[in-house]
Amino acid sequence: MVAYRLYMAPLRVAVIGAGPSGLSAARLLASRPQDFDFEVYERGDNIGGTWMYSEKTGLTENGYPVHSSIYKNLITNLPTDVMEFPDFPFPSDSKKFMHWKEVRDYIFAYADQFNLRKDIQLNTDVKSVKRITTKPVPSEAAHQSPNRPQWLVRTTALQGGGSKEKVFDAVLVCSGHYSVPHYPDIPGQESFNGVHLHSHDYRHPEPYAGKRVLLMGAFQSAFDIMKDLYPHASEVIISLSELDGLCLGELYKKGLLPHNVRTTTFPQAINGSVVTFTDGDTLEPDVIIFCTGYEYSFPFLDASCDVTVSEGKRIQPLFKHMIHSRYHTLMFIGMPFTGLEFPLAYLQVPIALMILDGSLALPSEQDINKETEADYRDRLASGQKPRHAHKYAFPPRWSYTVYCDEIATFAKIDNVMQPKYRSFEVVIAAMLKNMMTYRDYSVSDSHLECHHSP
């Protein structure tokens with residue numbers, strides 16, 4: 001284990017992204033002004049990340065991909081007590097599940113409560129982050145080493161133009177992972193002659209009135225879009241992958257889905273208007289909506305950062321799914337799929353700051369990589385796919401509670417997530433019992449149990 005003594009001058013930290021994770025990072029950095037100077041860069045024209053709804057799809061006026069994946073009628077799929085920041089509860093009169101506008105307003109109120117906007121540079125695109133090696137300054141030598149490089153961050157102002165470069169001692173990547181669509185590789189899918197889009201670009205149900213719509217995917221976005229669509233569409237078919245994460249196939253067999261909704265297997269091939277499924281069934285849909293998830297993407301990271309993203313789904317080399325195993329001053333916040341992105345940063349960021357201030361030592365790079373690879377191999381052996389490398393949805397070993405407990409224990413800090421465990425477990429169990437009614441659950445429903453395996 002390598003430890004670093006404390007330093008005199010505050011460390012300079014760049015935070016990339018002003019969504020929930022970036023705002024949490026700003027909040028926690030701002031609470032330690034004697035230790036950290038920081039700047040937050042946000043490409044959008046407001047804070048909030050994906051919760052900043054946009055009618056637009058495709059590209060923005062500035063020529064960048066639209067970041068938000070929110071659709072007009074979206075209602076949260078998790079209750080407020082699970083979603084909220086640990087030190088900033090939702091208003092007491094809030095609904096258990098709320099419209100995206102209420103979440104957006106809550107995020108705004110959080111930023112205003114802690115006076116965070118002054119440290120955020122909006123309409124600012126991070127063009128590149130480059131690792132640099134400088135000769136240590138004697139007064140700063142304690143926190144400079146091969147494992148703790150500095151970073152040259154180049155930004156461009158989207159309004160008025162002009163680029164800037166600035167050197168930082170650390171970078172926290174808080175850019176989210178719900179904005180770059182992932183498409184499955186289905187033979188012939190480019191030949192489909194109907195309407196096709198990713199759930200990222202879905203906004204309204206009305207354009208699909210009277211249409212036969214095929215939703216590819218077995219998780220939350222497919223289900224929620226189905227609920228938005230079925231009153232309008234003539235038929236909605238949910239195409240399930242090998243992992244039916246929400247038990248939608250069972251609901252269909254039990255007759256618990258709407259009358260014009262059914263499930264089927266995953267597509268094997270597409271030929272013009274005809275989709276062939278793995279069970280041999282065929283279908284001629286009017287519309288295909290790919291509810292097939294998202295990819296990690298960090299186009300601003302220079303090759304010198306030594307970060308790779310395999311097939312858009314596995315970030316390497318990461319320790320505890322957040323710390324670059326070789327360059328400990330490059331951190332990724334909110335990357336694991338846990339369902340708890342809002343409060344998770346309150347556990348990850350303090351650990352990041354402990355590493356930066358020298359109060360938490362890390363194992364050797366060799367030991368870090370050995371542990372990380374062992375976990376990945378165990379995931380594959382258990383039946384998970386490579387795309388599940390950062391996913392904590394496979395109890396008992398790979399559950400969000402295990403991840404939160406693990407990193408809190410590693411850092412020897414209080415686990416601020418524990419108070420949320422009960423509510424989260426009950427809502428997940430309610431989902432698996434009946435997705436159509438789970439939003440009516442009660443935390444007192446102690447008979448609900450959650451069983452899920454890959």
# chains A, B, ... in the order shown; residues from 1 in each chain; ligands from 1
$ residues_around --residues "Met435 of chain A" --least-positions-apart "3" --cutoff "12 Å" --atoms "only C-alpha atoms" --output "NGL selection string"
:A and (77 or 218-220 or 222-224 or 226-227 or 245-252 or 256-258 or 427-432 or 438-441)
$ select_by_dssp --residues "segment 79-181 of chain A" --states "strand (DSSP E)" --output "list in words"
Ile120, Gln121, Thr124, Asp125, Val126, Lys127, Ser128, Val129, Lys130, Arg131, Ile132, Gln150, Trp151, Leu152, Val153, Arg154, Thr155, Thr156, Ala157, Ser163, Lys164, Glu165, Lys166, Val167, Phe168, Ala170, Val171, Leu172 and Val173 of chain A
$ closest_atom_pairs --of "segment 96-206 of chain A" --to "segment 54-67 of chain A" --cutoff "10 Å" --atoms "only C-alpha atoms" --output "Markdown table"
| residue | atom | partner | partner_atom | distance |
| --- | --- | --- | --- | --- |
| A:Asn123 | CA | A:Asn62 | CA | 9.6 |
| A:Asp125 | CA | A:Tyr64 | CA | 9.7 |
| A:Leu158 | CA | A:Asn62 | CA | 7.2 |
| A:Gln159 | CA | A:Asn62 | CA | 9.0 |
| A:Ser175 | CA | A:His67 | CA | 9.9 |
| A:Gly176 | CA | A:His67 | CA | 9.6 |
| A:His177 | CA | A:His67 | CA | 9.9 |
| A:Tyr178 | CA | A:His67 | CA | 8.1 |
| A:Ser179 | CA | A:His67 | CA | 5.2 |
| A:Val180 | CA | A:His67 | CA | 8.0 |
| A:His200 | CA | A:Thr57 | CA | 8.2 |
| A:Asp201 | CA | A:Thr57 | CA | 5.5 |
| A:Tyr202 | CA | A:Thr57 | CA | 8.3 |
| A:Arg203 | CA | A:Glu55 | CA | 7.0 |
| A:His204 | CA | A:Glu55 | CA | 9.3 |
$ atom_distance --atom1 "atom CA of Gly272 of chain A" --atom2 "atom CA of Ser221 of chain A"
25.5 Å
$ atom_distance --atom1 "atom CA of Val349 of chain A" --atom2 "atom CA of Ala25 of chain A"
6.0 Å
$ closest_residue --among "A:Ile225, A:Arg387, A:Ile237, A:Thr372" --to "Glu295 of chain A" --atoms "only C-alpha atoms"
A:Arg387
$ closest_residue --among "A:Cys174, A:Val236, A:Ile315, A:Leu283" --to "Pro386 of chain A" --atoms "only C-alpha atoms"
A:Ile315
$ closest_residue --among "A:Leu340, A:Ile132, A:Ala269, A:Ala345" --to "Val173 of chain A" --atoms "only C-alpha atoms"
A:Ala345
$ decode --residues "segment 232-264 of chain A" --atoms "N, CA and C atoms" --output "short mmCIF file (atom, residue, chain, number, x, y, z; two decimals), in the first residue's frame"
data_model
loop_
_atom_site.label_atom_id
_atom_site.label_comp_id
_atom_site.auth_asym_id
_atom_site.auth_seq_id
_atom_site.Cartn_x
_atom_site.Cartn_y
_atom_site.Cartn_z
N HIS A 232 -52.20 3.92 -27.30
CA HIS A 232 -52.22 4.53 -28.63
C HIS A 232 -51.95 3.52 -29.75
N ALA A 233 -51.02 2.62 -29.53
CA ALA A 233 -50.62 1.67 -30.57
C ALA A 233 -51.66 0.57 -30.75
N SER A 234 -51.69 -0.03 -31.95
CA SER A 234 -52.59 -1.16 -32.18
C SER A 234 -52.08 -2.40 -31.45
N GLU A 235 -50.75 -2.53 -31.40
CA GLU A 235 -50.15 -3.66 -30.70
C GLU A 235 -48.72 -3.29 -30.29
N VAL A 236 -48.32 -3.75 -29.12
CA VAL A 236 -46.95 -3.55 -28.64
C VAL A 236 -46.37 -4.93 -28.32
N ILE A 237 -45.25 -5.22 -28.93
CA ILE A 237 -44.58 -6.50 -28.72
C ILE A 237 -43.25 -6.23 -28.05
N ILE A 238 -43.02 -6.85 -26.90
CA ILE A 238 -41.75 -6.68 -26.18
C ILE A 238 -40.87 -7.88 -26.48
N SER A 239 -39.75 -7.62 -27.10
CA SER A 239 -38.81 -8.67 -27.49
C SER A 239 -37.78 -8.85 -26.38
N LEU A 240 -37.84 -9.99 -25.71
CA LEU A 240 -37.02 -10.23 -24.52
C LEU A 240 -35.68 -10.84 -24.88
N SER A 241 -34.63 -10.36 -24.23
CA SER A 241 -33.32 -10.99 -24.37
C SER A 241 -33.28 -12.23 -23.50
N GLU A 242 -32.12 -12.88 -23.45
CA GLU A 242 -32.01 -14.10 -22.64
C GLU A 242 -32.20 -13.81 -21.15
N LEU A 243 -32.05 -12.54 -20.78
CA LEU A 243 -32.25 -12.15 -19.38
C LEU A 243 -33.50 -11.29 -19.29
N ASP A 244 -34.59 -11.89 -18.85
CA ASP A 244 -35.84 -11.16 -18.68
C ASP A 244 -35.83 -10.53 -17.29
N GLY A 245 -35.14 -9.39 -17.20
CA GLY A 245 -34.84 -8.80 -15.90
C GLY A 245 -36.04 -8.40 -15.07
N LEU A 246 -37.20 -8.17 -15.70
CA LEU A 246 -38.38 -7.71 -14.97
C LEU A 246 -39.50 -8.73 -14.97
N CYS A 247 -39.19 -9.94 -15.40
CA CYS A 247 -40.18 -11.03 -15.42
C CYS A 247 -41.39 -10.68 -16.29
N LEU A 248 -41.18 -9.97 -17.37
CA LEU A 248 -42.29 -9.57 -18.23
C LEU A 248 -42.89 -10.76 -18.95
N GLY A 249 -42.06 -11.75 -19.27
CA GLY A 249 -42.57 -12.96 -19.90
C GLY A 249 -43.57 -13.67 -19.01
N GLU A 250 -43.26 -13.72 -17.71
CA GLU A 250 -44.19 -14.35 -16.76
C GLU A 250 -45.49 -13.56 -16.65
N LEU A 251 -45.38 -12.23 -16.64
CA LEU A 251 -46.59 -11.40 -16.58
C LEU A 251 -47.49 -11.66 -17.78
N TYR A 252 -46.88 -11.81 -18.96
CA TYR A 252 -47.67 -12.08 -20.17
C TYR A 252 -48.38 -13.42 -20.06
N LYS A 253 -47.65 -14.44 -19.60
CA LYS A 253 -48.25 -15.77 -19.46
C LYS A 253 -49.41 -15.76 -18.47
N LYS A 254 -49.31 -14.92 -17.45
CA LYS A 254 -50.37 -14.83 -16.44
C LYS A 254 -51.50 -13.89 -16.83
N GLY A 255 -51.38 -13.27 -18.01
CA GLY A 255 -52.42 -12.37 -18.47
C GLY A 255 -52.44 -11.04 -17.75
N LEU A 256 -51.29 -10.61 -17.23
CA LEU A 256 -51.24 -9.38 -16.43
C LEU A 256 -50.77 -8.16 -17.22
N LEU A 257 -50.44 -8.34 -18.50
CA LEU A 257 -50.08 -7.20 -19.34
C LEU A 257 -51.33 -6.69 -20.04
N PRO A 258 -51.33 -5.46 -20.53
CA PRO A 258 -52.50 -4.94 -21.26
C PRO A 258 -52.89 -5.83 -22.43
N HIS A 259 -54.14 -5.70 -22.86
CA HIS A 259 -54.70 -6.62 -23.85
C HIS A 259 -53.95 -6.62 -25.18
N ASN A 260 -53.36 -5.49 -25.53
CA ASN A 260 -52.67 -5.39 -26.82
C ASN A 260 -51.14 -5.45 -26.67
N VAL A 261 -50.68 -6.03 -25.59
CA VAL A 261 -49.24 -6.16 -25.33
C VAL A 261 -48.90 -7.64 -25.17
N ARG A 262 -47.84 -8.07 -25.82
CA ARG A 262 -47.36 -9.44 -25.65
C ARG A 262 -45.84 -9.45 -25.68
N THR A 263 -45.27 -10.56 -25.28
CA THR A 263 -43.81 -10.71 -25.31
C THR A 263 -43.43 -11.78 -26.31
N THR A 264 -42.18 -11.72 -26.74
CA THR A 264 -41.65 -12.73 -27.63
C THR A 264 -40.15 -12.83 -27.38
#
